[in-house]
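A.B. asks: One structure, as C-alpha cells, below. Some questions next.
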Amino acid sequence: MLLTQAGLMGVFTATDALLFYFFWELALIPVYFLCSGWGGEKRIAVTFKFFIYTFTGSVLMLIGLLYIYFQTPDHSFALESFYAADLERTVAGRTQTLLFWILFIAFAIKMPVFPFHTWQPDTYEQSPNAVTMVLSGIMVKMGVFGVIRWVLPVLPLSAYAWGDVVMSLSVAGIIYASIIALQQDDLKRLIAYSSIAHIGLMATAIFAETKSGFQGVMIQMFSHGINIIGLWIVVELIERQFKTRKLSELGGIAQKAPALATLLVIVALANVALPLTNGFIGEFLMFNGIWNSGVTSYRMIFAAVAGLSIILAAAYTLRMIQKIFFGNTNNLTAMAHDIRVNERVALSVIVGLIVLFGIYPQPLLNITNGFVENLLREINVAPMFSK
Amino acid sequence: MALLLLFAIIVINILELNGILIFDVNTRGMLDFEGADGRFALLFTLVVNISTFAFFLLSARDMEKVGLDYSDYFALIFFILAGIVLASSFKSLLMLFLGIEIISIPLYILTGSSKRNLKSNEASLKYFLMGSFSTGLMLMGIALVYGATGTFQTDVKQVFIENKVPVLLIAGMMMLLFSMSFKVSAAPFHFWTPDVYDGAPTVFTSFMATIVKVASFVAFMRLFEDAFGQVQSEWKLLVSIIAAATLFIGNITAVFQQSVKRMLAYSSISQAGFMMLAVYAMNADAREGLILYAAAYSLATIGIFGVVAKMNDLSFDAFNGFAKQEPVIAATLVIFLLSLAGIPLTAGFLSKFYMLKATVNGGSIWLAIFAVLMAAVSVYYYFRLIQAMYFRSGTVAVPQMSQGFRITMITIAAITIILGIFPNILTNWLYF
C-alpha cells in the first residue's frame, strides 16, 4: 500500500516525463499484488486484465513521450522542454494526431473514458475495499492530471481538433454508465459505474478548455475523491456487517442504524451534486465551462446531454439509498447494529469536508487560479487561425 | 577450478578496460580491442564473463546430472567463451566466421550431451544440421562480399562507382543477414529454436538462450555497423520486417505454451526481436542499449533457468504455491520476470527503453509502437508464472537449494534492480 502511495506521489509531482512514466508504472505493481492477494473470488483473472490493459496504454504513452523528447529544443525530458517543443510548428499534422492519440489512450484507459472502461467495474468489484478506495479516489485522478499537464499544453492543436471526438465519447460514456448503474444489483459495481459517469464529465470539461471548466475539474478531482471514499467506507461497513453487497438482499437498515444512514445519505447526495455539497461546486463550474466553451460548436448539446447525467445520478443514488436503508427489514438486516465511534468519526470527517467545501470553496479556487490561467495561455490556439 | 579461472579472466578483462594489458597480442588488424569499437567488444566480453560466472555459480551442480563427462562440459563452455570473444571483436570477416563456428560446434555437443535421452539427440541433430546450413550460407555470403569489395576487412570504407552498390555486395549481404538471423533465431528463421531449446538439457538451454544468443547479436550488430553501415538503405527495411515478425511470432506463440521451458524458449525469441531493434536503429543509443540488454536479459534468464533447471516437472502448475515454500527465491524470480517484462525499476525496463529510444530516433515510430504492443503481450506469459507462484495453491516438489544458491540469486536480483536505477555503471565503461 505504501509503495502504491509512493508511486502515486511521484506521478503527481514529477516534472520530468521519464520520471512521470517511471512512477506511473511503479504504482501498478503493488496494486496488482494487493488485488490478487486479498480480493474477491474472480480476482486473479480480473486483476490480470486490469494490469495488461493499463500496461498497454502506458507503453504506448512511452513511445509518445520518446518522440516528443526528440523534438524538444534541448533534448530533455523536462516539463518545460516539452512545453517549449512547440510541436505545432515542427511536427506534421498527421504525426501530431498520432502522438495525441497514443498519449491520450494511456490516460483514457486510466480514467476511464467510455470505450476503454471495461476493466473498471470488474476490478473495483473484485478488489479489497481499501484498494478500491486508492484506485478510485486517487489513481483515476492520475489520468485526469496527466491530460491536463502532459497532453493539453504539449499538443494544443490536436486537443482542439480532436476535442469534439473525445467529448462525444465521454458524454456517451456518462449516459451509458448512468443507465447501467440504474440496473445494478451489486453495490460496488453501482458505485463503479457512477464513478465512470463522474469522470466522464471531467473529461468533457477538460476538452471544453474554459477557465471555469478547468477550475471545476480540479475542484471535482478533490471532491470526487472525498465523496467516493466516503461511499466506499459505507460499502465496507455494510459488507462487514451483513457479508453481502447485493441491493436485493438488504433493506431497512435505517431503522437500526440511523447514524450510518444519515451520514451515508449526505455522502450520496454529494455524489449527486446537490447544492451545499462540494460535488455541486465542481459540477456547476464544469457545466458552466462546457456551456461557454469557445472551442466546440456542439457545446450546448454536450452540456444538455451531460446535464441528463445529474438526473440519472439522482435516480440511481436514491434508488441505492432506498433499497439499502429504507423499506422493510428482512431477516438479514433485522439484527443490524449501528456503527461504532471510530467509524462515525471517519464518516463525519468526510461529511464535514463535503459540507465545508460546499459552502466555502474559495480557498481551493484561489489555489488553482494561477495554474489555470497559465494553462489557458499555453493551449490557446486562436492565434494560429487568425493569421 | 573453473570458477577460479573464470574469475581470473574477469579480472583481466576489467584491467584491460582500464588500459592495463596483460597479454599483448598482435592480431594483425583482424581483431579490435582498442579505440571506441574495441571498448564495445571488451565491455561485452566482460558482461559475458560475468554472466557465465553467475551461470556456473547457479547451475554447475545440475551439470553433474546430465551425463558422465562432467569436466568436458566446462571445457566446452570455455571454448564457447573464446569463440564469443572472437565474434564480438572481429574486424575481418574471417574472424567472424571463425568465431561463429567456435561458438556453434561445442554447442552442438552440449545440446546432445544427455546421451540416453531421445529428445536431446534429436535436438542436437537438428541444431547441427540447421547450424551447418546457416554457416554454409555465411561462407557464401562472405565470399560474395569479398568478391565485391576485394578485402575481408570490415573497417575499410568502400568507394562505389557512381554511388551504385554492386549487386554482388547486396547478394552477399543478404546471405549474411539470413545466416546471422538463423543464429539469433529471428523469425522466419527461428523454427529450430523451440525444439532445440526444449530438447537440450535445461542447464545448457540456460547457457544457450542467454549468452550465446546475446553474443550472436553483438556479432550481428558489429557486422552490420562496420561492414554494411554505408549501405544502410538497402537492408534497413528488411531488418525492420524481420524484427517485427520476430516480435510477433515470439510473443504470440509464447502465450500458448504450457511448459515453462518452452515458454522461456519463445520468450528468448521475442527478446531477440527487441534486440533486432538495435540492429535496425544503428546509433549510439542502440549500442548502449545492446550492452545493457545483454546484461539485463542474461542475468534475468539465467536466474529463472537456475530454478527451472532444478524442477522435475516443467509445466506452469508445477510452480503453484511456490511462494509459500520458498519466499526468498520466489521474490527473486518475481524481480527477474518483471525485468523481462519491462517494468520500471528493473534493468529490463531501461534496456527496452534504450531500444525504443534508438528506434524512435532511427526513424520508425510505427515499429516502436508495434514493439511496445508486443511487449504488452509478453506481460501475460511472464505474469502467468508469478500468478502460479503466488496466487494459486498447491504443493510444490521443491528441489534442494543450497544457501549459496539463494545468495547468488539475491545478488543477481540486486544487480538487476541496481542496473535498473543506475545503468550508467555499465554503460559508462563504453566511454571511459
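All residue names refer to the C-alpha cells as shown: chains lettered A, B, ... in order, residues numbered from 1 in each chain, ligands numbered from 1 in order.
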Would you list which chain A residues are within 7 Å of chain B using only C-alpha atoms, as a JSON list (two decimals) with N, CA, C and O atoms, in the first residue's frame?

C.D. replies:
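Wrote it out as out01.json, contents follow:
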```
[["chain", "number", "residue", "atom", "x", "y", "z"],
["A", 22, "PHE", "N", 7.93, 6.46, -15.11],
["A", 22, "PHE", "CA", 8.50, 5.53, -14.15],
["A", 22, "PHE", "C", 7.54, 5.32, -12.98],
["A", 22, "PHE", "O", 7.20, 4.19, -12.62],
["A", 25, "GLU", "N", 4.13, 3.49, -13.90],
["A", 25, "GLU", "CA", 4.20, 2.05, -13.91],
["A", 25, "GLU", "C", 4.40, 1.50, -12.52],
["A", 25, "GLU", "O", 3.86, 0.46, -12.17],
["A", 26, "LEU", "N", 5.21, 2.22, -11.74],
["A", 26, "LEU", "CA", 5.55, 1.71, -10.42],
["A", 26, "LEU", "C", 4.32, 1.56, -9.56],
["A", 26, "LEU", "O", 4.22, 0.66, -8.73],
["A", 36, "SER", "N", -4.59, -9.11, -6.19],
["A", 36, "SER", "CA", -4.56, -10.55, -6.41],
["A", 36, "SER", "C", -4.47, -11.31, -5.11],
["A", 36, "SER", "O", -4.87, -12.46, -5.02],
["A", 37, "GLY", "N", -3.89, -10.67, -4.10],
["A", 37, "GLY", "CA", -3.72, -11.40, -2.86],
["A", 37, "GLY", "C", -4.94, -11.41, -1.98],
["A", 37, "GLY", "O", -5.23, -12.38, -1.32],
["A", 52, "ILE", "N", -2.82, -5.78, -17.66],
["A", 52, "ILE", "CA", -2.37, -5.78, -19.05],
["A", 52, "ILE", "C", -2.99, -4.61, -19.80],
["A", 52, "ILE", "O", -2.34, -3.95, -20.60],
["A", 55, "PHE", "N", -1.22, -1.51, -18.72],
["A", 55, "PHE", "CA", 0.16, -1.55, -19.17],
["A", 55, "PHE", "C", 0.27, -1.23, -20.64],
["A", 55, "PHE", "O", 1.16, -0.50, -21.08],
["A", 56, "THR", "N", -0.67, -1.76, -21.44],
["A", 56, "THR", "CA", -0.65, -1.47, -22.87],
["A", 56, "THR", "C", -0.75, 0.03, -23.10],
["A", 56, "THR", "O", 0.02, 0.61, -23.88],
["A", 59, "VAL", "N", 2.61, 1.80, -22.13],
["A", 59, "VAL", "CA", 3.78, 1.69, -23.01],
["A", 59, "VAL", "C", 3.56, 2.48, -24.28],
["A", 59, "VAL", "O", 4.50, 3.03, -24.86],
["A", 60, "LEU", "N", 2.29, 2.60, -24.73],
["A", 60, "LEU", "CA", 2.05, 3.47, -25.87],
["A", 60, "LEU", "C", 2.42, 4.91, -25.51],
["A", 60, "LEU", "O", 3.01, 5.64, -26.31],
["A", 63, "ILE", "N", 6.09, 5.61, -25.93],
["A", 63, "ILE", "CA", 6.55, 5.93, -27.28],
["A", 63, "ILE", "C", 6.28, 7.40, -27.58],
["A", 63, "ILE", "O", 7.13, 8.10, -28.14],
["A", 66, "LEU", "N", 8.78, 9.51, -25.87],
["A", 66, "LEU", "CA", 10.08, 9.43, -26.52],
["A", 66, "LEU", "C", 10.12, 10.31, -27.76],
["A", 66, "LEU", "O", 11.10, 11.01, -28.01],
["A", 67, "TYR", "N", 9.03, 10.25, -28.55],
["A", 67, "TYR", "CA", 9.04, 11.04, -29.79],
["A", 67, "TYR", "C", 9.13, 12.51, -29.48],
["A", 67, "TYR", "O", 9.90, 13.25, -30.10]]
```

A.B. asks: Which residues, written as a PyMOL selection string, have at least one atom at most 8 Å from Leu168 in chain B, with only C-alpha atoms counted and residues fewer than 6 positions away on the same chain left out?

C.D. replies: chain B and resi 144-145+147-148

A.B. asks: Using only C-alpha atoms, which residues sit within 12 Å of Thr253 in chain B once same-chain residues fewer than 2 positions away are excluded, as a list in words?

C.D. replies: Phe191, Pro194, Ala245, Thr246, Leu247, Phe248, Ile249, Gly250, Asn251, Val255, Phe256, Gln257, Gln258, Arg262, Met263, Leu264, Ala265, Tyr266, Ser267, Ser268, Ile269, Ser270, Met374, Val377, Ser378, Tyr380 and Tyr381 of chain B

A.B. asks: Output C-alpha atoms for every residue in that selection, as a tab-separated table (two decimals), in the first residue's frame.

C.D. replies:
```tsv
chain	number	residue	atom	x	y	z
B	191	PHE	CA	11.95	-22.74	-36.31
B	194	PRO	CA	11.92	-24.24	-29.60
B	245	ALA	CA	7.97	-10.74	-37.41
B	246	THR	CA	10.20	-12.00	-34.62
B	247	LEU	CA	8.39	-9.96	-32.02
B	248	PHE	CA	5.03	-11.08	-33.30
B	249	ILE	CA	5.75	-14.79	-33.61
B	250	GLY	CA	7.78	-15.00	-30.45
B	251	ASN	CA	5.23	-13.30	-28.24
B	255	VAL	CA	1.26	-17.11	-24.82
B	256	PHE	CA	0.02	-20.60	-25.67
B	257	GLN	CA	2.80	-22.62	-24.12
B	258	GLN	CA	2.10	-25.00	-21.30
B	262	ARG	CA	9.27	-23.85	-23.94
B	263	MET	CA	7.75	-20.59	-22.82
B	264	LEU	CA	11.23	-19.35	-21.94
B	265	ALA	CA	12.49	-20.53	-25.32
B	266	TYR	CA	9.84	-18.48	-27.11
B	267	SER	CA	10.44	-15.63	-24.75
B	268	SER	CA	14.06	-15.63	-25.85
B	269	ILE	CA	12.83	-15.32	-29.43
B	270	SER	CA	10.71	-12.32	-28.54
B	374	MET	CA	4.10	-6.94	-28.32
B	377	VAL	CA	1.52	-9.22	-24.81
B	378	SER	CA	4.65	-10.60	-23.21
B	380	TYR	CA	0.81	-12.10	-19.99
B	381	TYR	CA	3.06	-15.12	-20.03
```

A.B. asks: Where in range 146-352 of chain A does DSSP assign helix (DSSP H, G or I), given as JSON, numbers by chain?

C.D. replies: {"A": [146, 147, 148, 149, 150, 151, 156, 157, 158, 159, 160, 161, 162, 163, 164, 165, 166, 167, 168, 169, 170, 171, 172, 173, 174, 175, 176, 177, 178, 179, 180, 181, 182, 183, 187, 188, 189, 190, 191, 192, 193, 194, 195, 196, 197, 198, 199, 200, 201, 202, 203, 204, 205, 206, 207, 208, 211, 212, 213, 214, 215, 216, 217, 218, 219, 220, 221, 222, 223, 224, 225, 226, 227, 228, 229, 230, 231, 232, 233, 234, 235, 236, 237, 238, 239, 240, 241, 242, 247, 248, 249, 253, 254, 255, 258, 259, 260, 261, 262, 263, 264, 265, 266, 267, 268, 269, 270, 271, 272, 278, 279, 280, 281, 282, 283, 284, 285, 286, 287, 288, 289, 290, 291, 299, 300, 301, 302, 303, 304, 305, 306, 307, 308, 309, 310, 311, 312, 313, 314, 315, 316, 317, 318, 319, 320, 321, 322, 323, 324, 325, 333, 334, 335, 341, 342, 343, 344, 345, 346, 347, 348, 349, 350, 351, 352]}

A.B. asks: What's the 8 Å shell around Ser194 in chain A, counting only C-alpha atoms, without same-chain residues fewer than 4 positions away, as a list in words?

C.D. replies: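 Here the qualifying residues turn out to be Ala177, Ser178, Ala181, Leu190, His198 and Ala313 of chain A.
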
A.B. asks: For Val334 in chain B, list every protein, DNA or RNA residue within 12 Å, evaluated using only C-alpha atoms, and leave out those in the same chain fewer than 4 positions away; present the list as JSON, numbers by chain.

C.D. replies: {"A": [29, 33], "B": [300, 301, 303, 304, 322, 323, 327, 328, 329, 330, 338, 339, 340, 341, 343, 346, 382, 383, 384, 385, 386, 387, 388, 389, 390, 409, 410, 413, 416, 417]}

A.B. asks: How many Å lie between CA of Ile281 in chain A and CA of Gly358 in chain A, rounded to one decimal?

C.D. replies: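 CA of Gly358 in chain A lies 6.4 Å from CA of Ile281 in chain A.
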
A.B. asks: Any idea what the distance is between CA of Arg299 in chain A and CA of Val165 in chain A?

C.D. replies: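 Computed distance, CA of Arg299 in chain A to CA of Val165 in chain A, equals 12.5 Å.
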
A.B. asks: When distances are computed from only C-alpha atoms, which of A:Tyr83, A:Phe51, A:Phe222, A:Tyr193 shows the smallest separation from His117 in chain A?

C.D. replies: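 Checking each of A:Tyr83, A:Phe51, A:Phe222, A:Tyr193 against His117 in chain A, counting only C-alpha atoms, the winner is A:Tyr193.
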
A.B. asks: Between A:Leu187, A:Ala92, A:Leu103, A:Ile367, which has the minimum distance to Ser248 in chain A (counting only C-alpha atoms)?

C.D. replies: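 For Ser248 in chain A, the nearest of the given residues is A:Leu187.
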
A.B. asks: So which residues touch range 226-228 of chain B within 7 Å, counting only C-alpha atoms, skipping near sequence neighbours fewer than 4 positions away, as a VMD selection string?

C.D. replies: chain B and resid 154 to 155 222 232

A.B. asks: For the residues in that selection, give me C-alpha atoms as a PDB file, in the first residue's frame.

C.D. replies:
```
ATOM      1  CA  THR B 154      35.252  -4.690 -42.357  1.00  0.00           C
ATOM      2  CA  ASP B 155      36.628  -1.298 -41.473  1.00  0.00           C
ATOM      3  CA  ARG B 222      29.076  -5.322 -35.304  1.00  0.00           C
ATOM      4  CA  GLN B 232      22.011   1.117 -44.740  1.00  0.00           C
TER       5      GLN B 232
END
```

A.B. asks: One decimal, in Å: what's the spacing between CA of Arg319 in chain A and CA of Val267 in chain A?

C.D. replies: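 So the answer is 14.4 Å.
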
A.B. asks: Nearest to Gly199 in chain B among B:Phe178, B:Ala123, B:Glu225, B:Gly273, with distances taken over only C-alpha atoms: which residue is it?

C.D. replies: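 Result for the nearest residue to Gly199 in chain B: B:Ala123.
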